[in-house]
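Source file: work-v6.tsv. Holds: TSV, C-alpha atoms and all ligand atoms.
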```tsv
chain	number	residue	atom	x	y	z
A	1	MET	CA	9.26	-8.59	18.00
A	2	GLN	CA	8.45	-6.42	15.00
A	3	ILE	CA	9.90	-6.57	11.49
A	4	THR	CA	9.36	-4.25	8.52
A	5	ARG	CA	9.73	-4.89	4.78
A	6	ARG	CA	9.76	-2.06	2.24
A	7	LEU	CA	8.67	-2.34	-1.39
A	8	GLU	CA	8.32	0.40	-3.97
A	9	PHE	CA	6.07	0.97	-6.96
A	10	ASP	CA	5.02	3.70	-9.37
A	11	ALA	CA	1.43	4.81	-9.83
A	12	GLY	CA	-0.63	7.74	-11.00
A	13	HIS	CA	-3.44	9.41	-9.10
A	14	ARG	CA	-5.26	12.63	-8.48
A	15	ILE	CA	-7.22	13.99	-5.55
A	16	PRO	CA	-10.28	15.41	-7.30
A	17	ASP	CA	-11.42	17.79	-4.57
A	18	HIS	CA	-7.97	19.06	-3.65
A	19	ALA	CA	-7.63	22.81	-3.45
A	20	SER	CA	-4.23	22.90	-5.10
A	21	GLN	CA	-1.79	20.93	-7.32
A	22	CYS	CA	-2.98	17.45	-6.35
A	23	ARG	CA	-6.23	17.78	-8.30
A	24	HIS	CA	-4.14	17.37	-11.48
A	25	LEU	CA	-3.25	13.96	-12.91
A	26	HIS	CA	0.21	13.11	-11.59
A	27	GLY	CA	2.23	10.19	-10.29
A	28	HIS	CA	4.47	9.10	-7.44
A	29	ARG	CA	7.19	6.62	-6.64
A	30	TYR	CA	5.29	5.14	-3.72
A	31	ALA	CA	6.93	3.14	-0.96
A	32	LEU	CA	5.01	0.54	0.99
A	33	GLU	CA	6.34	-0.50	4.39
A	34	ILE	CA	4.79	-3.55	6.03
A	35	THR	CA	5.33	-4.08	9.73
A	36	LEU	CA	4.57	-7.49	11.23
A	37	SER	CA	4.76	-8.67	14.81
A	38	GLY	CA	5.30	-12.20	16.05
A	39	ASP	CA	7.51	-14.49	18.04
A	40	ILE	CA	11.01	-15.27	16.83
A	41	ILE	CA	11.07	-18.85	15.57
A	42	ARG	CA	13.53	-20.91	17.63
A	43	ALA	CA	13.89	-24.24	15.89
A	44	ASP	CA	17.25	-25.49	14.66
A	45	GLY	CA	17.05	-26.75	11.10
A	46	LEU	CA	14.03	-24.68	10.05
A	47	PRO	CA	14.76	-22.18	7.23
A	48	ALA	CA	13.06	-19.43	9.28
A	49	ASN	CA	15.04	-20.18	12.45
A	50	GLY	CA	15.78	-16.86	14.16
A	51	MET	CA	13.17	-14.95	12.14
A	52	VAL	CA	9.63	-13.69	12.69
A	53	VAL	CA	8.84	-14.15	8.99
A	54	ASP	CA	11.38	-14.48	6.19
A	55	PHE	CA	11.60	-11.03	4.55
A	56	GLY	CA	11.32	-12.85	1.23
A	57	ASP	CA	7.91	-14.21	2.19
A	58	VAL	CA	6.77	-10.75	3.40
A	59	LYS	CA	7.77	-9.39	0.00
A	60	ALA	CA	6.23	-12.19	-2.06
A	61	ILE	CA	2.79	-11.71	-0.52
A	62	ALA	CA	2.83	-7.90	-0.79
A	63	LYS	CA	4.18	-8.03	-4.32
A	64	GLN	CA	1.51	-10.40	-5.56
A	65	HIS	CA	-1.46	-8.76	-3.88
A	66	VAL	CA	-0.64	-5.05	-3.81
A	67	VAL	CA	2.52	-4.01	-5.66
A	68	ASP	CA	1.92	-5.92	-8.88
A	69	VAL	CA	-1.70	-4.75	-8.89
A	70	TRP	CA	-0.94	-1.05	-8.27
A	71	ASP	CA	2.41	-0.72	-10.06
A	72	HIS	CA	2.15	1.42	-13.22
A	73	ALA	CA	-1.59	1.68	-12.70
A	74	PHE	CA	-3.66	4.82	-12.33
A	75	LEU	CA	-5.32	4.66	-8.91
A	76	ALA	CA	-8.70	6.32	-9.45
A	77	TYR	CA	-11.60	7.14	-7.17
A	78	ARG	CA	-14.67	5.39	-8.54
A	79	GLY	CA	-16.63	8.61	-8.07
A	80	ASP	CA	-14.17	10.64	-10.16
A	81	THR	CA	-16.25	10.09	-13.27
A	82	ALA	CA	-14.31	12.45	-15.55
A	83	VAL	CA	-11.10	10.49	-14.99
A	84	VAL	CA	-12.75	7.07	-14.90
A	85	ASN	CA	-14.48	7.69	-18.23
A	86	PHE	CA	-11.25	9.07	-19.73
A	87	LEU	CA	-9.21	6.04	-18.66
A	88	GLN	CA	-11.86	3.58	-19.78
A	89	ALA	CA	-11.58	5.08	-23.27
A	90	ILE	CA	-7.91	4.01	-23.45
A	91	PRO	CA	-7.81	0.37	-24.61
A	92	GLY	CA	-6.23	-1.93	-22.05
A	93	HIS	CA	-5.26	0.86	-19.66
A	94	LYS	CA	-4.20	-0.36	-16.22
A	95	THR	CA	-6.63	1.40	-13.92
A	96	VAL	CA	-7.39	0.44	-10.31
A	97	LEU	CA	-10.78	1.71	-9.20
A	98	LEU	CA	-11.06	2.52	-5.51
A	99	ASP	CA	-14.12	3.22	-3.38
A	100	VAL	CA	-12.20	6.07	-1.76
A	101	VAL	CA	-10.11	9.02	-2.94
A	102	PRO	CA	-6.49	7.84	-3.46
A	103	THR	CA	-4.80	9.76	-0.67
A	104	ALA	CA	-1.87	8.24	1.17
A	105	GLU	CA	-4.20	7.63	4.12
A	106	ASN	CA	-6.77	5.75	2.06
A	107	LEU	CA	-4.15	3.73	0.18
A	108	ALA	CA	-2.53	2.67	3.44
A	109	VAL	CA	-5.90	1.49	4.78
A	110	ALA	CA	-6.70	-0.27	1.49
A	111	ALA	CA	-3.35	-2.08	1.54
A	112	PHE	CA	-3.85	-3.03	5.20
A	113	ARG	CA	-7.27	-4.48	4.37
A	114	ILE	CA	-5.82	-6.56	1.52
A	115	LEU	CA	-2.75	-7.79	3.40
A	116	ASP	CA	-4.15	-8.44	6.86
A	117	PRO	CA	-5.68	-11.88	6.20
A	118	LEU	CA	-2.68	-12.93	4.10
A	119	TYR	CA	-0.10	-12.54	6.87
A	120	THR	CA	-2.24	-13.83	9.72
A	121	GLY	CA	-1.07	-17.32	10.60
A	122	VAL	CA	1.52	-17.45	7.83
A	123	TYR	CA	3.79	-19.24	10.31
A	124	GLN	CA	2.84	-20.78	13.65
A	125	ASN	CA	4.35	-17.92	15.70
A	126	HIS	CA	1.47	-15.47	16.20
A	127	VAL	CA	2.29	-13.31	13.19
A	128	ARG	CA	0.09	-10.22	12.92
A	129	LEU	CA	0.03	-7.25	10.61
A	130	GLU	CA	0.70	-4.21	12.80
A	131	GLN	CA	1.12	-1.32	10.40
A	132	VAL	CA	1.10	-0.42	6.73
A	133	ARG	CA	2.97	2.76	5.91
A	134	ILE	CA	2.63	4.36	2.49
A	135	TYR	CA	5.08	7.04	1.43
A	136	GLU	CA	3.53	9.21	-1.26
A	137	THR	CA	6.65	11.31	-1.49
A	138	PRO	CA	9.87	11.17	0.55
A	139	ASN	CA	8.34	13.81	2.81
A	140	CYS	CA	4.72	12.63	3.07
A	141	TRP	CA	3.45	9.34	4.44
A	142	ALA	CA	0.49	7.74	6.21
A	143	ASP	CA	0.33	4.86	8.69
A	144	ALA	CA	-2.65	2.49	8.81
A	145	HIS	CA	-3.45	0.28	11.77
A	146	ARG	CA	-6.18	-2.23	12.53
A	147	SER	CA	-8.15	0.49	14.29
A	148	ASP	CA	-8.43	2.38	10.96
A	149	LEU	CA	-10.28	-0.45	9.21
A	150	GLY	CA	-13.65	0.74	10.47
B	1	LIG	N1	-3.04	14.31	4.10
B	1	LIG	C1	-2.76	14.28	2.78
B	1	LIG	N2	-2.45	15.41	2.16
B	1	LIG	C2	-2.11	15.40	0.86
B	1	LIG	C3	-2.07	14.19	0.14
B	1	LIG	C4	-2.44	12.98	0.83
B	1	LIG	O1	-2.45	11.89	0.25
B	1	LIG	N3	-2.76	13.09	2.13
B	1	LIG	N4	-1.65	14.18	-1.13
B	1	LIG	C5	-1.24	15.27	-1.76
B	1	LIG	C6	-0.66	15.22	-3.13
B	1	LIG	O2	-1.15	14.09	-3.82
B	1	LIG	C7	0.88	15.17	-3.19
B	1	LIG	O3	1.28	13.84	-3.33
B	1	LIG	C8	1.62	15.72	-2.05
B	1	LIG	O4	2.22	16.84	-2.55
B	1	LIG	P1	3.10	17.82	-1.68
B	1	LIG	O5	2.42	18.22	-0.45
B	1	LIG	O6	3.50	18.86	-2.64
B	1	LIG	O7	4.32	16.87	-1.26
B	1	LIG	P2	5.85	16.97	-1.68
B	1	LIG	O8	6.63	15.96	-0.91
B	1	LIG	O9	5.97	16.88	-3.16
B	1	LIG	O10	6.17	18.41	-1.19
B	1	LIG	P3	7.58	19.14	-1.01
B	1	LIG	O11	7.19	20.52	-0.65
B	1	LIG	O12	8.28	19.00	-2.31
B	1	LIG	O13	8.28	18.43	0.13
B	1	LIG	C9	-1.37	16.58	-1.12
B	1	LIG	N5	-1.78	16.55	0.24
B	2	ZN	ZN	-0.05	12.98	-5.31
```

For the file at hand, write its structure as structure tokens.
Amino acid sequence: MQITRRLEFDAGHRIPDHASQCRHLHGHRYALEITLSGDIIRADGLPANGMVVDFGDVKAIAKQHVVDVWDHAFLAYRGDTAVVNFLQAIPGHKTVLLDVVPTAENLAVAAFRILDPLYTGVYQNHVRLEQVRIYETPNCWADAHRSDLG
């Protein structure tokens, strides 16, 4: 069985080498969709009876470890020195430095890497992170799987 929980957050980014508009500083209302697989819990009296994982628990983990970290931050490539230096000059600015360019693809892989160990074994029903989908815009998204971790 697979379940999916969606969370949303706002963040700024730029793609420094992009040939067009995306090289400019701009932001998105990102959506993060987390897909887990596992067995349905069948145990009368347990709060999670009938569930793979309580959607509330899926949310709590993603919120703490990804959404609250990236929300209203500028997601910057560490090698984008012009932007990194600019942001570091703003006192207390919320900047998240990434080892990769903040494309939807790279953000999906980064979120997968963060979340994977946190969902594994959360209940005793073989829960596994299957996919992290990041919507950069309503029309553009990327899906990360274990095979993308490298
Ligand atoms: N493969 C990727 N291509 C692009 C990415 C990306 O992360 N991965 N990112 C961008 C830009 O950052 C931008 O977010 C996308 O802009 P755009 O293509 O204009 O998308 P829209 O949904 O705004 O386009 P509409 O034409 O309004 O539907 C670019 N490419
Ligand atoms: Zn963008």

For a cutoff of 7 Å around the file-coordinate point (-7.4, 14.5, -1.3), which residues qualify once you count all atoms listed in the file? I'd like the result as a list in words.
Ile15, Pro16, Asp17, His18, Val101 and Thr103 of chain A

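Atom CA of A:Val69 sits 7.8 Å away from atom CA of A:Val96.
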
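The closest residue to A:Glu136, picked from A:Cys22, A:Ala48, A:Ile3, A:Leu97 and counting all atoms listed in the file, is A:Cys22.
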
Got a sec: who's within 10 Å of stretch 53-56 of chain A, counting all atoms listed in the file, leaving out chain neighbours fewer than 3 positions off, as an mmCIF file with C-alpha atoms, in the coordinates of the input?
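Final file, out_16.cif:
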```cif
data_model
loop_
_atom_site.group_PDB
_atom_site.id
_atom_site.type_symbol
_atom_site.label_atom_id
_atom_site.label_comp_id
_atom_site.auth_asym_id
_atom_site.auth_seq_id
_atom_site.Cartn_x
_atom_site.Cartn_y
_atom_site.Cartn_z
ATOM 1 C CA GLN A 2 8.450 -6.420 15.000
ATOM 2 C CA ILE A 3 9.900 -6.570 11.490
ATOM 3 C CA THR A 4 9.360 -4.250 8.520
ATOM 4 C CA ARG A 5 9.730 -4.890 4.780
ATOM 5 C CA ARG A 6 9.760 -2.060 2.240
ATOM 6 C CA LEU A 36 4.570 -7.490 11.230
ATOM 7 C CA SER A 37 4.760 -8.670 14.810
ATOM 8 C CA GLY A 38 5.300 -12.200 16.050
ATOM 9 C CA ASP A 39 7.510 -14.490 18.040
ATOM 10 C CA ILE A 40 11.010 -15.270 16.830
ATOM 11 C CA ILE A 41 11.070 -18.850 15.570
ATOM 12 C CA PRO A 47 14.760 -22.180 7.230
ATOM 13 C CA ALA A 48 13.060 -19.430 9.280
ATOM 14 C CA ASN A 49 15.040 -20.180 12.450
ATOM 15 C CA GLY A 50 15.780 -16.860 14.160
ATOM 16 C CA LYS A 59 7.770 -9.390 0.000
ATOM 17 C CA ALA A 60 6.230 -12.190 -2.060
ATOM 18 C CA ILE A 61 2.790 -11.710 -0.520
ATOM 19 C CA TYR A 119 -0.100 -12.540 6.870
ATOM 20 C CA VAL A 122 1.520 -17.450 7.830
ATOM 21 C CA TYR A 123 3.790 -19.240 10.310
ATOM 22 C CA ASN A 125 4.350 -17.920 15.700
ATOM 23 C CA VAL A 127 2.290 -13.310 13.190
#
```

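Nearest residue to A:Phe9, choosing from A:His72, A:His145, A:Arg78, A:Arg42 and counting only C-alpha atoms: A:His72.
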
Which one of A:Leu75, A:Gly92, A:Glu8, A:Ala62 sits closest to A:Leu107 if you count all atoms listed in the file?
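When distances to A:Leu107 are compared using all atoms listed in the file, the smallest one comes from A:Leu75.
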
Taking all atoms listed in the file and a cut-off of 12 Å, can you tell me which residues surround ligand ZN 2 (chain B), written as number ranges by chain?
A: 10-16, 18, 20-30, 74-76, 101-105, 107, 134-141

For the residues in that selection, give me C-alpha atoms as an mmCIF file, keeping the file's coordinate frame.
```
data_model
loop_
_atom_site.group_PDB
_atom_site.id
_atom_site.type_symbol
_atom_site.label_atom_id
_atom_site.label_comp_id
_atom_site.auth_asym_id
_atom_site.auth_seq_id
_atom_site.Cartn_x
_atom_site.Cartn_y
_atom_site.Cartn_z
ATOM 1 C CA ASP A 10 5.020 3.700 -9.370
ATOM 2 C CA ALA A 11 1.430 4.810 -9.830
ATOM 3 C CA GLY A 12 -0.630 7.740 -11.000
ATOM 4 C CA HIS A 13 -3.440 9.410 -9.100
ATOM 5 C CA ARG A 14 -5.260 12.630 -8.480
ATOM 6 C CA ILE A 15 -7.220 13.990 -5.550
ATOM 7 C CA PRO A 16 -10.280 15.410 -7.300
ATOM 8 C CA HIS A 18 -7.970 19.060 -3.650
ATOM 9 C CA SER A 20 -4.230 22.900 -5.100
ATOM 10 C CA GLN A 21 -1.790 20.930 -7.320
ATOM 11 C CA CYS A 22 -2.980 17.450 -6.350
ATOM 12 C CA ARG A 23 -6.230 17.780 -8.300
ATOM 13 C CA HIS A 24 -4.140 17.370 -11.480
ATOM 14 C CA LEU A 25 -3.250 13.960 -12.910
ATOM 15 C CA HIS A 26 0.210 13.110 -11.590
ATOM 16 C CA GLY A 27 2.230 10.190 -10.290
ATOM 17 C CA HIS A 28 4.470 9.100 -7.440
ATOM 18 C CA ARG A 29 7.190 6.620 -6.640
ATOM 19 C CA TYR A 30 5.290 5.140 -3.720
ATOM 20 C CA PHE A 74 -3.660 4.820 -12.330
ATOM 21 C CA LEU A 75 -5.320 4.660 -8.910
ATOM 22 C CA ALA A 76 -8.700 6.320 -9.450
ATOM 23 C CA VAL A 101 -10.110 9.020 -2.940
ATOM 24 C CA PRO A 102 -6.490 7.840 -3.460
ATOM 25 C CA THR A 103 -4.800 9.760 -0.670
ATOM 26 C CA ALA A 104 -1.870 8.240 1.170
ATOM 27 C CA GLU A 105 -4.200 7.630 4.120
ATOM 28 C CA LEU A 107 -4.150 3.730 0.180
ATOM 29 C CA ILE A 134 2.630 4.360 2.490
ATOM 30 C CA TYR A 135 5.080 7.040 1.430
ATOM 31 C CA GLU A 136 3.530 9.210 -1.260
ATOM 32 C CA THR A 137 6.650 11.310 -1.490
ATOM 33 C CA PRO A 138 9.870 11.170 0.550
ATOM 34 C CA ASN A 139 8.340 13.810 2.810
ATOM 35 C CA CYS A 140 4.720 12.630 3.070
ATOM 36 C CA TRP A 141 3.450 9.340 4.440
#
```

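For the atom pair formed by atom CA of A:Gly79 and atom CA of A:His65, the distance is 23.4 Å, given to one decimal.
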
Return the padded bounding box of ligand LIG 1 (chain B) as AutoDock Vina command-line options: axis-aligned, built from all atoms listed in the file, 5 Å added on each side, with centre and edge lengths in Å to one decimal.
```
--center_x 2.6 --center_y 16.2 --center_z 0.1 --size_x 21.3 --size_y 18.6 --size_z 17.9
```

A:Val66, A:Leu46, A:Val83, A:Val109 ranked by distance to ligand LIG 1 (chain B), top pick (using all atoms listed in the file)
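Under the stated criterion, the closest residue is A:Val109.
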
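Using only C-alpha atoms and all ligand atoms, the nearest neighbour of ligand LIG 1 (chain B) within the list A:Ala19, A:Val52, A:Leu32, A:Leu149 is A:Ala19.
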
Using Å and a single decimal, report how far atom CA of A:Arg128 sits from atom CA of A:Ala31.
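Answer for the atom CA of A:Ala31 to atom CA of A:Arg128 separation: 20.4 Å.
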
Considering all atoms listed in the file, state which residue in the set A:Gln64, A:Arg113, A:Ala108, A:Asn85 is at the smallest distance from ligand LIG 1 (chain B).
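Counting all atoms listed in the file, the residue closest to ligand LIG 1 (chain B) is A:Ala108.
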
Nearby residues (all atoms listed in the file) at most 12 Å from A:Gly150, same-chain spacing under 2 positions excluded, as a list of chain:residue names
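Close residues of A:Gly150: A:Asn106, A:Val109, A:Ala110, A:Phe112, A:Arg113, A:Ala144, A:His145, A:Arg146, A:Ser147, A:Asp148.
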
Since fewer atoms than expected are present, regenerate N, CA and C atoms for stretch 86-117 of chain A and write them as a PDB file, in the frame of the given file.
```pdb
ATOM      1  N   PHE A  86     -12.432   8.824 -18.885  1.00  0.00           N
ATOM      2  CA  PHE A  86     -11.250   9.070 -19.730  1.00  0.00           C
ATOM      3  C   PHE A  86     -10.383   7.812 -19.817  1.00  0.00           C
ATOM      4  N   LEU A  87     -10.105   7.204 -18.677  1.00  0.00           N
ATOM      5  CA  LEU A  87      -9.210   6.040 -18.660  1.00  0.00           C
ATOM      6  C   LEU A  87      -9.865   4.834 -19.320  1.00  0.00           C
ATOM      7  N   GLN A  88     -11.172   4.720 -19.165  1.00  0.00           N
ATOM      8  CA  GLN A  88     -11.860   3.580 -19.780  1.00  0.00           C
ATOM      9  C   GLN A  88     -11.853   3.678 -21.306  1.00  0.00           C
ATOM     10  N   ALA A  89     -11.627   4.893 -21.816  1.00  0.00           N
ATOM     11  CA  ALA A  89     -11.580   5.080 -23.270  1.00  0.00           C
ATOM     12  C   ALA A  89     -10.218   4.677 -23.850  1.00  0.00           C
ATOM     13  N   ILE A  90      -9.241   4.427 -22.977  1.00  0.00           N
ATOM     14  CA  ILE A  90      -7.910   4.010 -23.450  1.00  0.00           C
ATOM     15  C   ILE A  90      -7.873   2.473 -23.419  1.00  0.00           C
ATOM     16  N   PRO A  91      -7.762   1.832 -24.583  1.00  0.00           N
ATOM     17  CA  PRO A  91      -7.810   0.370 -24.610  1.00  0.00           C
ATOM     18  C   PRO A  91      -6.733  -0.262 -23.733  1.00  0.00           C
ATOM     19  N   GLY A  92      -7.159  -1.156 -22.869  1.00  0.00           N
ATOM     20  CA  GLY A  92      -6.230  -1.930 -22.050  1.00  0.00           C
ATOM     21  C   GLY A  92      -5.511  -1.148 -20.972  1.00  0.00           C
ATOM     22  N   HIS A  93      -5.972   0.064 -20.666  1.00  0.00           N
ATOM     23  CA  HIS A  93      -5.260   0.860 -19.660  1.00  0.00           C
ATOM     24  C   HIS A  93      -5.348   0.200 -18.287  1.00  0.00           C
ATOM     25  N   LYS A  94      -4.224   0.228 -17.567  1.00  0.00           N
ATOM     26  CA  LYS A  94      -4.200  -0.360 -16.220  1.00  0.00           C
ATOM     27  C   LYS A  94      -4.733   0.667 -15.233  1.00  0.00           C
ATOM     28  N   THR A  95      -5.983   0.480 -14.854  1.00  0.00           N
ATOM     29  CA  THR A  95      -6.630   1.400 -13.920  1.00  0.00           C
ATOM     30  C   THR A  95      -7.117   0.576 -12.724  1.00  0.00           C
ATOM     31  N   VAL A  96      -6.865   1.078 -11.519  1.00  0.00           N
ATOM     32  CA  VAL A  96      -7.390   0.440 -10.310  1.00  0.00           C
ATOM     33  C   VAL A  96      -8.451   1.370  -9.746  1.00  0.00           C
ATOM     34  N   LEU A  97      -9.684   0.894  -9.722  1.00  0.00           N
ATOM     35  CA  LEU A  97     -10.780   1.710  -9.200  1.00  0.00           C
ATOM     36  C   LEU A  97     -10.917   1.476  -7.697  1.00  0.00           C
ATOM     37  N   LEU A  98     -10.957   2.575  -6.972  1.00  0.00           N
ATOM     38  CA  LEU A  98     -11.060   2.520  -5.510  1.00  0.00           C
ATOM     39  C   LEU A  98     -12.376   3.135  -5.061  1.00  0.00           C
ATOM     40  N   ASP A  99     -12.881   2.654  -3.936  1.00  0.00           N
ATOM     41  CA  ASP A  99     -14.120   3.220  -3.380  1.00  0.00           C
ATOM     42  C   ASP A  99     -13.853   4.502  -2.615  1.00  0.00           C
ATOM     43  N   VAL A 100     -12.595   4.876  -2.517  1.00  0.00           N
ATOM     44  CA  VAL A 100     -12.200   6.070  -1.760  1.00  0.00           C
ATOM     45  C   VAL A 100     -11.213   6.879  -2.607  1.00  0.00           C
ATOM     46  N   VAL A 101     -11.060   8.138  -2.259  1.00  0.00           N
ATOM     47  CA  VAL A 101     -10.110   9.020  -2.940  1.00  0.00           C
ATOM     48  C   VAL A 101      -8.684   8.521  -2.647  1.00  0.00           C
ATOM     49  N   PRO A 102      -7.818   8.451  -3.656  1.00  0.00           N
ATOM     50  CA  PRO A 102      -6.490   7.840  -3.460  1.00  0.00           C
ATOM     51  C   PRO A 102      -5.474   8.723  -2.746  1.00  0.00           C
ATOM     52  N   THR A 103      -5.792   9.083  -1.521  1.00  0.00           N
ATOM     53  CA  THR A 103      -4.800   9.760  -0.670  1.00  0.00           C
ATOM     54  C   THR A 103      -3.874   8.703  -0.076  1.00  0.00           C
ATOM     55  N   ALA A 104      -2.787   9.161   0.489  1.00  0.00           N
ATOM     56  CA  ALA A 104      -1.870   8.240   1.170  1.00  0.00           C
ATOM     57  C   ALA A 104      -2.606   7.505   2.298  1.00  0.00           C
ATOM     58  N   GLU A 105      -3.458   8.238   3.010  1.00  0.00           N
ATOM     59  CA  GLU A 105      -4.200   7.630   4.120  1.00  0.00           C
ATOM     60  C   GLU A 105      -5.072   6.481   3.622  1.00  0.00           C
ATOM     61  N   ASN A 106      -5.849   6.763   2.564  1.00  0.00           N
ATOM     62  CA  ASN A 106      -6.770   5.750   2.060  1.00  0.00           C
ATOM     63  C   ASN A 106      -6.039   4.569   1.426  1.00  0.00           C
ATOM     64  N   LEU A 107      -4.919   4.833   0.770  1.00  0.00           N
ATOM     65  CA  LEU A 107      -4.150   3.730   0.180  1.00  0.00           C
ATOM     66  C   LEU A 107      -3.546   2.846   1.264  1.00  0.00           C
ATOM     67  N   ALA A 108      -3.103   3.467   2.343  1.00  0.00           N
ATOM     68  CA  ALA A 108      -2.530   2.670   3.440  1.00  0.00           C
ATOM     69  C   ALA A 108      -3.609   1.767   4.053  1.00  0.00           C
ATOM     70  N   VAL A 109      -4.808   2.308   4.232  1.00  0.00           N
ATOM     71  CA  VAL A 109      -5.900   1.490   4.780  1.00  0.00           C
ATOM     72  C   VAL A 109      -6.273   0.383   3.785  1.00  0.00           C
ATOM     73  N   ALA A 110      -6.341   0.731   2.501  1.00  0.00           N
ATOM     74  CA  ALA A 110      -6.700  -0.270   1.490  1.00  0.00           C
ATOM     75  C   ALA A 110      -5.671  -1.404   1.462  1.00  0.00           C
ATOM     76  N   ALA A 111      -4.391  -1.050   1.546  1.00  0.00           N
ATOM     77  CA  ALA A 111      -3.350  -2.080   1.540  1.00  0.00           C
ATOM     78  C   ALA A 111      -3.435  -2.929   2.811  1.00  0.00           C
ATOM     79  N   PHE A 112      -3.715  -2.277   3.938  1.00  0.00           N
ATOM     80  CA  PHE A 112      -3.850  -3.030   5.200  1.00  0.00           C
ATOM     81  C   PHE A 112      -4.979  -4.045   5.071  1.00  0.00           C
ATOM     82  N   ARG A 113      -6.101  -3.606   4.516  1.00  0.00           N
ATOM     83  CA  ARG A 113      -7.270  -4.480   4.370  1.00  0.00           C
ATOM     84  C   ARG A 113      -6.930  -5.701   3.491  1.00  0.00           C
ATOM     85  N   ILE A 114      -6.187  -5.460   2.424  1.00  0.00           N
ATOM     86  CA  ILE A 114      -5.820  -6.560   1.520  1.00  0.00           C
ATOM     87  C   ILE A 114      -4.863  -7.525   2.212  1.00  0.00           C
ATOM     88  N   LEU A 115      -3.855  -6.965   2.900  1.00  0.00           N
ATOM     89  CA  LEU A 115      -2.750  -7.790   3.400  1.00  0.00           C
ATOM     90  C   LEU A 115      -3.055  -8.497   4.716  1.00  0.00           C
ATOM     91  N   ASP A 116      -3.932  -7.919   5.506  1.00  0.00           N
ATOM     92  CA  ASP A 116      -4.150  -8.440   6.860  1.00  0.00           C
ATOM     93  C   ASP A 116      -4.426  -9.940   6.887  1.00  0.00           C
ATOM     94  N   PRO A 117      -5.399 -10.432   6.120  1.00  0.00           N
ATOM     95  CA  PRO A 117      -5.680 -11.880   6.200  1.00  0.00           C
ATOM     96  C   PRO A 117      -4.552 -12.733   5.626  1.00  0.00           C
TER      97      PRO A 117
END
```
